[in-house]
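Asks: First, the structure itself, so that you have it in front of you.
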Amino acid sequence: MFAHLIEGLRQAGLPTSITEYLTLLGAMKAGVAEWSVDDFYYLSRATLVKDERHLDRFDRVFAQCFKGLGSEEGVLPRHLPEEWLRKLAEKFLTPEEMARIESLGGFEALMQRLAELLAQQKERHQGGSKWIGTAGTSPFGAYGYNPEGVRIGQHESRHRRAVKVWDRRDFRDLDDTVEQGTRNLKLALRRLRRFARQGAATELDLPDTIRSTAKNAGTLDLKLVPERHNAVKVLLFLDVGGSMDDFVKLSEELFSAARSEFKHLEYFYFHNFPYERVWRNNRRRHDERISTFEVIRKYGPDYKLIFVGDAAMSPYEITMPGGSVEHMNEEPGRIWLDRLTSHYRNAAWLNPTPRASWQHVRSIGMTSELMEGRMYPLTVNGIDEMARELSH
Amino acid sequence: MSAAFKSTERYIASRDLEVAVNASVTLQRPLLVKVEPGTGKTVLAHEVAESLGLELIEWHIKSTTKAQQGLYEYDAVSRLRDGQLGDQRVHDIANYIVRGKLWDAFESERSVVVLIDEVDKADIEFPNDLLLELDRMRFFVYETRQTVSARHRPIVIITSNNEKELPDAFLRRCFFHYIRFPDRATMERIVQAHYPDLRHDLAREALNVFFQIREVPGLKKKPSTAELLDWLKLLMVEDLPVEALRPNEKHLVIPPLYGALLKNEQDVHLFERLAFLARRGA
């Protein structure tokens, strides 16, 4: 009955299965959705989508499959004042984007196309149920300022009732083409876990209890052991500033994932390459520096050392004394990296730039060599690879 | 199941939530609920139970919870101790089977609502271990060789905070509902439902401020429904005039008692800085 909907969903990459389809049919038969189209939409959404990141895609497929459904509620598209659109565009576009639009025929041409599209839509589905920006027909999408485009139709509540629920696509933020949050990173980091029993003894140790009860000639002697905890220790060295500014968000996500995943996590910041001093607080990096020697003394070799940085710099910063861009370093960076990696046998470097671009930057190759090849891209897969390597 | 789930005086449910609940009640399958934090998912189970007139059994999941604990546990230590003391009870192993929440639900005379709260807190294998039990609504007790099956299939509501991915096989058996952050109209109804005595002008201004704060870019933690309700309560207790909330000109002011809304020191700093910039720009 709704096979084309299921097919459409699977084509859009949703993991919808036959079980769920049968559930939907069962629910329809049991009369859950009654006679309302909206209820049917809600019901099929509750049945077929199991992850909020897929909701937007579901809405799109649903709109496609049931085009024109329930159109008696629709109203004709209104004429949108050009002034308003222009203002909207100015509000959300950077000057470069505006320039790009100019090159594509200018704002007038764009508006012209928009008007044509509006007219077309009116003809095609009497009752014009689609607004600009939904269902991917919008010219705005093509020029890259679609993100707010959908608001054109629904900004005012007067129009809102005319827009069908699935056409509203309220869930657009949640599509998983944009990586959300830190969950995947956490799962990848989880590979580093090392369980050990430490702390207060709370769990019954059955083998030991049996042994000691037998020794006690049958008088019960309970033996307890501490619960298992994740005992891995991680030392994080984060590159900040300069070329790393582009990757602040990514680094932040990694950092917060690591913070919640590991109890023993210590972190320090450096700029471009580790030298004789690192720091804990970026705002006071000039007065609160810690000697790298002190870090090595304080945190034993059982820590796993992870650098996060793009390793993009002048090769002199690695090889020459005084090569640092920030200060006069007496010893070259490579000696400091050697010191760190020989103390921390489990060390790796995470690089937020894509792996394909590494060969074009000389300093990345040099750093990777110093790390004995243990440089991984800062992606879920890269972290996974790193965790496997470090968990030996 | 004759009664259908509807919004109540205290709990405002959107139409899609009603459909999802009713589908899971009718087809007797678990309903998985995910939310933006602070949108009241635990309360949902209470309201479902109440509106259907059924008893609610709550099972709160922690990181150490095992699936088995929901069914039953065999208390070997007590039995060993009783054996030592020569207690007669020791001969029957059934005396040492401790029933879990799901067993209680299955044995209940009437159908019940079971809330499995924050299922993602437990180990990643937890949902898989409950697949069969939730599907067939029965399980086997090895110690006593007995099968426990549900007299009435309970209505199961599972909540998740998205801390972990749930296994596909588990998801396939559930209905799913994602509770979004309420829009302004819904929020007004929620406030109305909680504080019917709240003055209209105060509520309006407070909501203005609230949504304005939520719009501030870069907040680490956006205030949620629970925080809005706390804040409103504080405002009512303090009996502040409406003018305190209304900015004189069109820019940001730091709302009174902001501690109830902003829970993060960085957010408070950010907000203060923005307010300062806005004042200077005016």
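Identifiers for the structure tokens are assigned positionally: chains receive A, B, ... in sequence, residues are indexed from 1 per chain, and ligands are indexed from 1 in the order shown.
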Kindly provide, as a list in words, the residues of chain A having any atom no farther than 8 Å from an atom of chain B, counting only C-alpha atoms.
Replies: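 Every residue meeting the condition is included here: Ser17, Thr19, Glu20, Thr23, Gly26, Ala27, Ala30, Val32, Ala33, Asp39, Tyr42, Leu43, Arg45, Ala46, Thr47, Leu48, Val49, Lys50, Asp51, Glu52, Arg183, Leu187, Thr219 and Leu220 of chain A.
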Asks: Identify, with DSSP run on backbone atoms, the residues in stretch 66-229 of chain B assigned to alpha helix (DSSP H), and express the list as a PyMOL selection string.
Replies: chain B and resi 67-71+76-85+101-107+126-129+131-136+168-172+184-194+200-215+225-229
Asks: Mind giving me the straight-line distance from atom CA of B:Asn264 to atom CA of A:Thr379 in Å, one decimal?
Replies: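 Between these atoms lies a distance of 28.7 Å.
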Asks: Taking into account only C-alpha atoms, which residue in the set A:Phe2, A:Tyr316, A:Tyr344, A:Trp336 is nearest to A:Arg362?
Replies: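 Checking each candidate against A:Arg362, we get A:Tyr316 as the closest.
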Asks: Tell me which protein, DNA and RNA residues are within 12 Å of A:Leu350, counting only C-alpha atoms, leaving out same-chain ones fewer than 4 positions away, and put them as a VMD selection string.
Replies: chain A and resid 236 to 239 247 250 to 251 254 305 to 311 354 to 355 364 367 to 368 371 373 to 387
Asks: Counting only C-alpha atoms, figure out which residue out of B:Asn208, B:Val237, B:Leu229, B:Gln88 gets nearest to B:Pro255.
Replies: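 Residue with the minimum atom-to-atom distance to B:Pro255: B:Asn208.
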Asks: Within 8 Å of stretch 45-48 of chain B, counting only C-alpha atoms, which residues show up once you throw out same-chain ones fewer than 2 positions away? Write them as a PyMOL selection string, please.
Replies: chain B and resi 5+8+11+41-43+50-52+56+113-115+157
Asks: Got a sec to tell me which of stretch 175-213 of chain B DSSP assigns to strand (DSSP E), as a ChimeraX atom specification?
Replies: /B:175-179
Asks: Quote the spacing between atom CA of A:Val37 and atom CA of A:Cys65 in Å to one decimal place.
Replies: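 Calculated distance between atom CA of A:Val37 and atom CA of A:Cys65 is 13.2 Å.
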Asks: Skipping near chain neighbours, those fewer than 3 positions away, what residues fall within 8 Å of A:Ser212 using only C-alpha atoms, listed as a ChimeraX atom specification?
Replies: /A:208-209,215-216,221-223
Asks: Can you spit out the residues from that selection as a JSON list (two decimals), in the first residue's frame, using C-alpha atoms?
Replies:
```json
[["chain", "number", "residue", "atom", "x", "y", "z"],
["A", 208, "ASP", "CA", 37.71, -16.42, 46.28],
["A", 209, "THR", "CA", 34.71, -16.80, 48.61],
["A", 215, "LYS", "CA", 39.59, -23.39, 53.86],
["A", 216, "ASN", "CA", 37.44, -22.27, 56.79],
["A", 221, "ASP", "CA", 33.80, -16.33, 54.58],
["A", 222, "LEU", "CA", 32.75, -13.61, 52.12],
["A", 223, "LYS", "CA", 35.41, -12.07, 49.93]]
```
Asks: For the atom pair atom CA of B:Lys220 and atom CA of B:Ser63, what is the interatomic distance in Å to one decimal place?
Replies: 25.0 Å
Asks: Any idea what's packed within 6 Å of stretch 121-128 of chain B, counting only C-alpha atoms, ignoring anything in its chain fewer than 2 positions away? Could you give it as a list in words?
Replies: Lys62, Ser63, Thr65, Ala67, Glu118, Val119, Leu130 and Leu131 of chain B
Asks: Find the residue from B:Ser78, B:Ser149, B:Ser160, B:Thr225 that sits nearest to B:Arg184; use only C-alpha atoms when measuring.
Replies: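 For B:Arg184, the nearest of the given residues is B:Thr225.
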Asks: With only C-alpha atoms as the counted atoms, please give the residues lying no more than 10 Å from A:Ile6, apart from itself and same-chain residues fewer than 2 positions off, as a list in words.
Replies: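 What passes the distance filter is Met1, Phe2, Ala3, His4, Gly8, Leu9, Arg10, Gln11, Ala12, Leu14, Pro15, Thr16, Ser17, Ile18, Glu20, Tyr21, Leu48, Val61, Phe62 and Cys65 of chain A.
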